[in-house]
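Next up, coords-v2.txt (compact mmCIF, C-alpha atoms (C1' of nucleotides)):
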# COMPACT_ATOMS: atom_id res chain seq x y z
CA MET A 164 108.74 122.32 127.71
CA GLU A 165 107.51 125.93 127.56
CA LYS A 166 108.25 127.96 124.51
CA PRO A 167 108.33 131.76 124.42
CA PRO A 168 105.24 133.50 123.08
CA GLY A 169 105.34 133.82 119.33
CA SER A 170 106.88 130.39 118.93
CA GLU A 171 105.32 127.85 116.59
CA ILE A 172 103.88 126.11 119.63
CA GLU A 173 102.08 129.24 120.77
CA ILE A 174 100.83 129.98 117.32
CA PHE A 175 99.48 126.49 116.85
CA ARG A 176 97.85 126.38 120.26
CA ASP A 177 96.20 129.74 119.76
CA PHE A 178 95.01 128.68 116.32
CA ILE A 179 93.59 125.41 117.61
CA LYS A 180 91.83 127.11 120.53
CA LYS A 181 90.45 129.84 118.31
CA LYS A 182 88.91 127.20 116.10
CA GLY A 183 87.26 125.60 119.11
CA LEU A 184 89.35 122.46 118.72
CA ARG A 185 91.36 120.65 121.35
CA TYR A 186 95.06 121.05 121.82
CA THR A 187 96.17 117.45 122.23
CA SER A 188 99.56 115.97 122.99
CA GLU A 189 99.53 114.16 119.66
CA ARG A 190 99.14 117.43 117.79
CA GLU A 191 101.94 119.03 119.74
CA ILE A 192 104.26 116.07 119.27
CA ILE A 193 103.67 116.14 115.52
CA LEU A 194 104.32 119.88 115.42
CA ARG A 195 107.49 119.58 117.46
CA GLU A 196 108.85 116.80 115.31
CA ILE A 197 108.15 118.74 112.12
CA PHE A 198 110.12 121.68 113.49
CA ASN A 199 112.97 119.33 114.29
CA ILE A 200 113.22 118.36 110.64
CA HIS A 201 115.36 120.96 108.93
CA ASP A 202 114.57 119.76 105.48
CA HIS A 203 111.63 118.69 103.37
CA PHE A 204 109.72 115.69 104.59
CA ASP A 205 106.83 113.44 103.66
CA VAL A 206 104.24 111.69 105.79
CA ASP A 207 106.07 108.41 105.86
CA GLU A 208 109.32 109.94 106.99
CA LEU A 209 107.60 111.94 109.71
CA TYR A 210 105.76 108.83 110.86
CA LEU A 211 108.96 106.80 111.08
CA ARG A 212 110.80 109.53 112.95
CA LEU A 213 108.03 109.69 115.53
CA ARG A 214 108.04 105.93 115.84
CA ASN A 215 111.79 105.79 116.30
CA LYS A 216 111.45 108.20 119.18
CA GLY A 217 108.91 105.94 120.82
CA HIS A 218 105.81 107.91 119.93
CA ARG A 219 102.99 105.66 118.76
CA ILE A 220 101.14 108.20 116.71
CA SER A 221 99.10 106.94 113.80
CA LYS A 222 99.42 108.05 110.22
CA ALA A 223 95.77 109.02 110.36
CA SER A 224 96.63 111.60 112.99
CA ILE A 225 99.46 112.93 110.89
CA TYR A 226 97.16 113.20 107.89
CA ARG A 227 94.62 114.96 110.09
CA THR A 228 97.09 117.36 111.65
CA LEU A 229 98.91 118.49 108.51
CA PRO A 230 95.99 120.48 107.06
CA LEU A 231 95.69 122.33 110.37
CA LEU A 232 99.36 123.23 110.35
CA ILE A 233 99.06 124.39 106.78
CA GLU A 234 95.95 126.41 107.53
CA CYS A 235 97.69 128.35 110.28
CA GLY A 236 100.72 128.99 108.09
CA LEU A 237 103.31 126.91 109.95
CA VAL A 238 103.74 124.27 107.27
CA GLN A 239 103.63 124.32 103.50
CA GLU A 240 103.19 121.82 100.72
CA VAL A 241 106.38 122.11 98.74
CA TYR A 242 106.09 119.72 95.85
CA HIS A 243 104.44 116.51 94.76
CA GLU A 244 106.89 113.84 93.72
CA ASP A 245 106.97 110.04 93.63
CA GLY A 246 103.23 109.95 94.07
CA HIS A 247 103.04 111.84 97.33
CA MET A 248 103.32 115.31 98.77
CA HIS A 249 106.42 116.77 100.36
CA TYR A 250 106.23 119.41 103.05
CA GLU A 251 108.39 121.84 104.99
CA HIS A 252 107.88 124.02 108.03
CA ILE A 253 107.99 127.67 107.13
CA TYR A 254 107.60 129.62 110.35
CA GLY A 255 110.70 131.64 111.07
CA HIS A 256 112.04 131.09 107.58
CA GLU A 257 112.23 133.78 104.95
CA PRO A 258 110.11 133.04 101.91
CA HIS A 259 112.15 131.08 99.45
CA ALA A 260 111.94 129.27 96.16
CA HIS A 261 113.14 125.83 95.12
CA PHE A 262 115.28 124.36 92.42
CA ARG A 263 114.75 120.63 91.86
CA CYS A 264 117.09 118.51 89.80
CA LEU A 265 115.12 116.10 87.66
CA SER A 266 118.04 113.71 87.56
CA CYS A 267 119.50 113.46 91.06
CA ARG A 268 116.33 114.73 92.77
CA ARG A 269 118.30 117.21 94.86
CA VAL A 270 116.39 120.24 96.04
CA GLU A 271 118.05 123.62 96.60
CA GLU A 272 116.48 126.65 98.19
CA PHE A 273 117.05 130.19 97.10
CA LYS A 274 115.62 133.61 97.83
CA ASP A 275 114.70 136.39 95.49
CA GLN A 276 112.99 139.58 96.52
CA ARG A 277 111.31 139.91 93.14
CA LEU A 278 109.12 136.88 93.68
CA GLU A 279 107.39 138.47 96.63
CA GLU A 280 107.09 141.69 94.66
CA VAL A 281 105.33 139.91 91.84
CA ALA A 282 102.91 138.29 94.26
CA ARG A 283 102.27 141.50 96.18
CA GLU A 284 101.58 143.44 93.02
CA TYR A 285 99.25 140.75 91.71
CA ALA A 286 97.35 140.81 94.98
CA GLU A 287 96.95 144.57 94.84
CA LYS A 288 95.95 144.62 91.22
CA TYR A 289 93.28 141.92 91.52
CA GLY A 290 92.23 142.40 95.12
CA VAL A 291 93.11 138.87 96.17
CA GLU A 292 94.34 137.81 99.60
CA ILE A 293 97.57 135.84 99.46
CA LYS A 294 97.84 132.77 101.63
CA MET A 295 101.08 131.47 100.20
CA THR A 296 103.25 131.42 97.11
CA ARG A 297 105.35 128.77 95.50
CA PHE A 298 108.12 129.19 92.94
CA GLU A 299 109.93 126.21 91.53
CA ILE A 300 112.58 125.73 88.93
CA LEU A 301 112.87 122.21 87.56
CA GLY A 302 115.85 121.18 85.55
CA TYR A 303 119.28 119.62 85.73
CA CYS A 304 121.87 120.71 88.25
CA SER A 305 125.41 121.54 87.21
CA THR A 306 126.57 118.06 88.17
CA CYS A 307 123.89 116.20 86.25
CA ARG A 308 123.88 118.36 83.13
CA GLY A 309 126.54 116.45 81.32
CA GLY A 310 125.27 113.03 82.28
CA GLU A 311 122.00 111.28 81.77
CA GLY A 312 120.00 114.54 81.53
CA MET B 1056 95.87 115.18 59.07
CA GLU B 1057 99.27 116.72 58.34
CA LYS B 1058 100.51 119.57 60.51
CA PRO B 1059 103.18 122.05 59.48
CA PRO B 1060 106.70 121.40 60.78
CA GLY B 1061 107.25 122.90 64.21
CA SER B 1062 103.79 121.92 65.32
CA GLU B 1063 103.29 119.95 68.51
CA ILE B 1064 102.70 116.87 66.37
CA GLU B 1065 106.05 117.21 64.65
CA ILE B 1066 107.82 117.86 67.89
CA PHE B 1067 106.29 114.84 69.53
CA ARG B 1068 106.96 112.54 66.60
CA ASP B 1069 110.58 113.65 66.36
CA PHE B 1070 110.99 113.19 70.09
CA ILE B 1071 109.50 109.73 70.02
CA LYS B 1072 111.60 108.66 67.05
CA LYS B 1073 114.75 110.07 68.58
CA LYS B 1074 114.14 107.99 71.67
CA GLY B 1075 113.77 104.87 69.53
CA LEU B 1076 110.10 104.50 70.50
CA ARG B 1077 107.13 103.93 68.24
CA TYR B 1078 104.85 106.68 67.11
CA THR B 1079 101.44 105.09 67.62
CA SER B 1080 98.00 106.36 66.79
CA GLU B 1081 97.07 106.24 70.49
CA ARG B 1082 99.90 108.58 71.35
CA GLU B 1083 98.93 110.98 68.61
CA ILE B 1084 95.26 110.93 69.54
CA ILE B 1085 96.12 111.72 73.16
CA LEU B 1086 98.38 114.56 72.08
CA ARG B 1087 95.76 116.00 69.74
CA GLU B 1088 93.08 115.90 72.39
CA ILE B 1089 95.29 117.59 74.93
CA PHE B 1090 95.90 120.42 72.52
CA ASN B 1091 92.17 120.73 71.98
CA ILE B 1092 91.70 121.42 75.67
CA HIS B 1093 92.24 125.10 76.23
CA ASP B 1094 92.33 124.84 79.97
CA HIS B 1095 93.79 122.72 82.71
CA PHE B 1096 92.82 119.08 82.70
CA ASP B 1097 93.29 115.89 84.66
CA VAL B 1098 93.60 112.29 83.55
CA ASP B 1099 89.97 111.50 84.13
CA GLU B 1100 88.72 114.43 82.13
CA LEU B 1101 91.03 113.64 79.26
CA TYR B 1102 89.94 110.00 79.35
CA LEU B 1103 86.25 110.94 79.23
CA ARG B 1104 86.75 113.42 76.39
CA LEU B 1105 88.49 110.75 74.34
CA ARG B 1106 85.74 108.29 75.12
CA ASN B 1107 83.03 110.73 74.13
CA LYS B 1108 84.70 111.13 70.78
CA GLY B 1109 84.63 107.38 70.27
CA HIS B 1110 88.28 106.68 71.03
CA ARG B 1111 88.70 103.62 73.21
CA ILE B 1112 92.00 104.54 74.72
CA SER B 1113 92.82 103.19 78.14
CA LYS B 1114 93.80 105.23 81.14
CA ALA B 1115 96.97 103.20 81.31
CA SER B 1116 97.97 104.62 77.94
CA ILE B 1117 97.22 108.11 79.11
CA TYR B 1118 99.31 107.57 82.21
CA ARG B 1119 102.06 106.19 80.02
CA THR B 1120 101.93 108.98 77.47
CA LEU B 1121 101.85 111.97 79.82
CA PRO B 1122 105.44 111.61 81.06
CA LEU B 1123 106.61 111.53 77.46
CA LEU B 1124 104.74 114.72 76.65
CA ILE B 1125 106.18 116.33 79.74
CA GLU B 1126 109.67 115.17 78.91
CA CYS B 1127 109.57 116.77 75.49
CA GLY B 1128 108.19 120.01 76.91
CA LEU B 1129 104.72 119.98 75.37
CA VAL B 1130 102.82 119.43 78.61
CA GLN B 1131 103.35 120.53 82.17
CA GLU B 1132 102.16 119.49 85.58
CA VAL B 1133 100.36 122.54 86.90
CA TYR B 1134 99.18 121.68 90.37
CA HIS B 1135 98.15 118.79 92.56
CA GLU B 1136 94.65 119.15 93.96
CA ASP B 1137 91.88 116.82 95.12
CA GLY B 1138 94.32 113.97 95.27
CA HIS B 1139 95.46 114.05 91.69
CA MET B 1140 97.61 116.01 89.27
CA HIS B 1141 96.34 118.67 86.90
CA TYR B 1142 98.06 119.41 83.61
CA GLU B 1143 98.13 121.89 80.76
CA HIS B 1144 99.70 122.00 77.34
CA ILE B 1145 102.35 124.67 77.12
CA TYR B 1146 103.66 124.63 73.58
CA GLY B 1147 102.88 127.87 71.84
CA HIS B 1148 101.92 129.54 75.09
CA GLU B 1149 103.97 132.22 76.77
CA PRO B 1150 105.25 131.19 80.17
CA HIS B 1151 102.72 132.13 82.81
CA ALA B 1152 101.98 131.81 86.49
CA HIS B 1153 98.81 130.80 88.32
CA PHE B 1154 96.64 132.19 91.02
CA ARG B 1155 94.41 129.60 92.73
CA CYS B 1156 91.55 130.53 95.00
CA LEU B 1157 91.49 128.21 98.00
CA SER B 1158 87.79 128.80 98.43
CA CYS B 1159 86.15 128.64 94.99
CA ARG B 1160 89.02 126.69 93.39
CA ARG B 1161 89.15 129.05 90.43
CA VAL B 1162 92.50 129.28 88.66
CA GLU B 1163 93.67 132.44 86.92
CA GLU B 1164 96.71 132.77 84.73
CA PHE B 1165 98.97 135.77 84.64
CA LYS B 1166 102.30 136.71 83.14
CA ASP B 1167 105.21 138.54 84.65
CA GLN B 1168 108.54 139.05 82.94
CA ARG B 1169 110.34 139.08 86.27
CA LEU B 1170 109.65 135.43 86.93
CA GLU B 1171 111.60 134.34 83.90
CA GLU B 1172 114.36 136.76 84.83
CA VAL B 1173 114.66 135.22 88.27
CA ALA B 1174 114.87 131.75 86.76
CA ARG B 1175 117.34 132.77 84.08
CA GLU B 1176 119.61 134.46 86.59
CA TYR B 1177 119.49 131.48 88.91
CA ALA B 1178 120.40 129.19 86.05
CA GLU B 1179 123.37 131.36 85.10
CA LYS B 1180 124.58 131.76 88.64
CA TYR B 1181 124.48 128.05 89.50
CA GLY B 1182 125.05 126.54 86.09
CA VAL B 1183 121.81 124.60 86.03
CA GLU B 1184 119.78 123.77 82.95
CA ILE B 1185 116.16 124.86 83.26
CA LYS B 1186 113.51 122.44 82.08
CA MET B 1187 110.51 124.34 83.38
CA THR B 1188 109.41 126.77 86.05
CA ARG B 1189 106.26 127.04 88.11
CA PHE B 1190 104.96 130.02 90.04
CA GLU B 1191 101.78 129.82 92.03
CA ILE B 1192 99.92 132.18 94.28
CA LEU B 1193 97.40 130.54 96.59
CA GLY B 1194 94.86 132.60 98.39
CA TYR B 1195 91.35 133.98 98.27
CA CYS B 1196 90.02 135.78 95.22
CA SER B 1197 88.29 139.12 95.52
CA THR B 1198 84.88 137.45 95.49
CA CYS B 1199 85.69 134.91 98.19
CA ARG B 1200 87.64 137.22 100.51
CA GLY B 1201 84.66 138.39 102.48
CA GLY B 1202 82.99 135.00 102.69
CA GLU B 1203 84.08 131.71 104.12
CA GLY B 1204 87.80 132.39 103.54
C1' DA C 1217 82.16 113.37 139.49
C1' DA C 1218 79.32 113.33 135.41
C1' DA C 1219 78.04 114.68 130.84
C1' DG C 1220 79.06 116.01 126.34
C1' DT C 1221 81.96 115.98 122.57
C1' DA C 1222 86.41 116.12 119.93
C1' DT C 1223 90.26 113.11 119.05
C1' DT C 1224 92.62 108.97 118.70
C1' DG C 1225 94.32 104.39 116.56
C1' DA C 1226 93.21 100.61 113.78
C1' DA C 1227 91.14 98.94 110.09
C1' DA C 1228 88.25 99.44 106.24
C1' DC C 1229 87.78 102.02 102.28
C1' DA C 1230 88.41 104.94 98.08
C1' DA C 1231 91.16 106.77 94.59
C1' DA C 1232 95.43 107.51 91.92
C1' DA C 1233 98.99 105.63 89.59
C1' DT C 1234 101.82 101.62 88.24
C1' DT C 1235 102.65 96.98 86.75
C1' DT C 1236 101.60 92.58 84.61
C1' DC C 1237 100.59 89.98 80.68
C1' DA C 1238 98.62 88.19 76.53
C1' DA C 1239 97.25 90.19 72.16
C1' DT C 1240 98.30 93.53 68.79
C1' DA C 1241 100.60 96.56 65.73
C1' DA C 1242 104.66 99.48 64.40
C1' DG C 1243 108.53 99.55 61.66
C1' DG C 1244 112.36 97.48 59.67
C1' DT C 1245 114.03 93.79 56.44
C1' DA C 1246 113.96 90.32 52.87
C1' DT D 1255 104.27 92.26 49.99
C1' DA D 1256 105.10 89.10 53.56
C1' DC D 1257 107.75 88.31 57.57
C1' DC D 1258 110.11 89.15 61.91
C1' DT D 1259 111.23 91.47 66.01
C1' DT D 1260 109.83 93.98 69.65
C1' DA D 1261 107.39 98.10 71.65
C1' DT D 1262 102.75 99.19 72.84
C1' DT D 1263 98.17 98.39 73.98
C1' DG D 1264 93.89 97.38 77.01
C1' DA D 1265 92.20 95.12 80.94
C1' DA D 1266 92.88 93.64 85.26
C1' DA D 1267 95.57 93.16 89.21
C1' DT D 1268 98.41 95.53 92.30
C1' DT D 1269 100.54 99.14 94.96
C1' DT D 1270 100.43 103.32 97.24
C1' DT D 1271 98.34 107.47 99.02
C1' DG D 1272 95.08 109.50 101.51
C1' DT D 1273 90.30 109.46 103.77
C1' DT D 1274 86.63 107.65 106.50
C1' DT D 1275 84.49 104.80 109.98
C1' DC D 1276 83.91 103.55 114.60
C1' DA D 1277 84.56 102.17 119.28
C1' DA D 1278 87.55 103.67 122.97
C1' DT D 1279 89.65 107.48 125.11
C1' DA D 1280 90.55 111.99 126.89
C1' DC D 1281 89.67 116.85 127.14
C1' DT D 1282 86.52 120.52 128.89
C1' DT D 1283 82.84 122.35 131.19
C1' DT D 1284 79.41 122.21 134.64
Would you write out, as structure tokens, the structure that this file holds?
Amino acid sequence: MEKPPGSEIEIFRDFIKKKGLRYTSEREIILREIFNIHDHFDVDELYLRLRNKGHRISKASIYRTLPLLIECGLVQEVYHEDGHMHYEHIYGHEPHAHFRCLSCRRVEEFKDQRLEEVAREYAEKYGVEIKMTRFEILGYCSTCRGGEG
Amino acid sequence: MEKPPGSEIEIFRDFIKKKGLRYTSEREIILREIFNIHDHFDVDELYLRLRNKGHRISKASIYRTLPLLIECGLVQEVYHEDGHMHYEHIYGHEPHAHFRCLSCRRVEEFKDQRLEEVAREYAEKYGVEIKMTRFEILGYCSTCRGGEG
DNA sequence: AAAGTATTGAAACAAAATTTCAATAAGGTA
DNA sequence: TACCTTATTGAAATTTTGTTTCAATACTTT
């Protein structure tokens, strides 16, 4: 069950301890499950996955844990769609942007150095401290272009 | 009451007609009020502004009109905060990005040519049709950096 | 082992957004 | 202009998301 130092587990535990909070099994189980999902997810999906694995963790705990994971930089809000937020884990991933098809709802990731440059330069120019960035393109994918779009 | 062709009013009316819908006074009043707000807004704020001007337009109508305005490119979802969406009108504005301070909640706009380049190149490379883009930096502004952040 | 306190699950609650439905009004036609 | 068809409206009900409450539990320290 041990993870090497520098893993998301370590980071989360250190963060929790540093805040004077308690590192509980529920919090770890939620974290582990999130890092098992190699895609975007929402609260409901995460809840059901935990349930299907026999964990009886409440949605309240998920809602309470997510802000902590976001605060320590392991998880990110990606986009708000269908009336609720969608998340992804980001530790160990290069920063990336998203394309979302408004028709088929598919989400594609892509990287571009320039986006980080823009953010870095803005931060320098205005003396702000960057916590995270988000770049999204919304439109119609090549498949959907001809159709209903 | 007439606006020159190419105005947001014209665009909206043409869009509505083209969809076979009806161009109602409620829809126009909502559109006009949105373009009077030179800042981000949410549904509640828009509703109260209309009310204060004596318009008795329901929130349901606002919720029904916003997707139409977004679909025809006059309005954009900017960010989701405090449990609800925030919008801005975009017609006549240059594309811009946002910095949001996680501490004081202030939102600053800025422009950077490179963001549109990135989007344009992605669209060309993957054959997608861009409807809109969104670039956000979240962090702590120069004032809040030292403090609670 | 005992005390103190953060966390949990369940349920109550609050808020955002959508849907329902009867009344109204837009827009076309005679 | 009067009439007809049907989309739209406001109000209320409903659904869904997310937060809060609270008693029970479990972590941590002494």
For the contact check between chain A and chain D, emit one row per residue of chain A within 9 Å, containing the shortest atom pair and the distance in Å rounded to one decimal, counting only C-alpha atoms (C1' of nucleotides), chain then rising number order, as a Markdown table.
| residue | atom | partner | partner_atom | distance |
| --- | --- | --- | --- | --- |
| A:Arg185 | CA | D:DC1281 | C1' | 7.1 |
| A:Tyr186 | CA | D:DC1281 | C1' | 8.7 |
| A:Thr187 | CA | D:DC1281 | C1' | 8.2 |
| A:Ala223 | CA | D:DT1273 | C1' | 8.6 |
| A:Tyr226 | CA | D:DG1272 | C1' | 7.7 |
| A:Gly246 | CA | D:DT1271 | C1' | 7.4 |
| A:His247 | CA | D:DT1271 | C1' | 6.6 |
What's the separation between CA of Cys1196 in chain B and CA of Glu292 in chain A, in Å to one decimal place?
6.5 Å
Sorted per-residue table, chain A near chain B, closest atoms and distance, 6 Å, all atoms listed in the file, as a Markdown table:
| residue | atom | partner | partner_atom | distance |
| --- | --- | --- | --- | --- |
| A:Gly290 | CA | B:Ser1197 | CA | 5.1 |
| A:Val291 | CA | B:Cys1196 | CA | 4.5 |
| A:Glu292 | CA | B:Tyr1195 | CA | 5.0 |
| A:Ile293 | CA | B:Gly1194 | CA | 4.4 |
| A:Lys294 | CA | B:Gly1194 | CA | 4.4 |
| A:Met295 | CA | B:Leu1193 | CA | 5.2 |
| A:Thr296 | CA | B:Ile1192 | CA | 4.4 |
| A:Arg297 | CA | B:Glu1191 | CA | 5.1 |
| A:Phe298 | CA | B:Phe1190 | CA | 4.4 |
| A:Glu299 | CA | B:Arg1189 | CA | 5.1 |
| A:Ile300 | CA | B:Thr1188 | CA | 4.4 |
| A:Leu301 | CA | B:Met1187 | CA | 5.3 |
| A:Gly302 | CA | B:Ile1185 | CA | 4.3 |
| A:Tyr303 | CA | B:Glu1184 | CA | 5.0 |
| A:Cys304 | CA | B:Val1183 | CA | 4.5 |
| A:Ser305 | CA | B:Val1183 | CA | 4.9 |
Find the residues in chain C near chain A: any atom within 10 Å counts, using all atoms listed in the file. Write them as a PyMOL selection string.
chain C and resi 1222-1226+1232-1233
Any chance you could work out the axis-aligned box around range 1265-1276 of chain D, listed atoms only, 4 Å on each side, giving centre and edge lengths in Å to one decimal, as JSON?
{"center_x": 92.2, "center_y": 101.3, "center_z": 97.8, "size_x": 24.6, "size_y": 24.3, "size_z": 41.7}
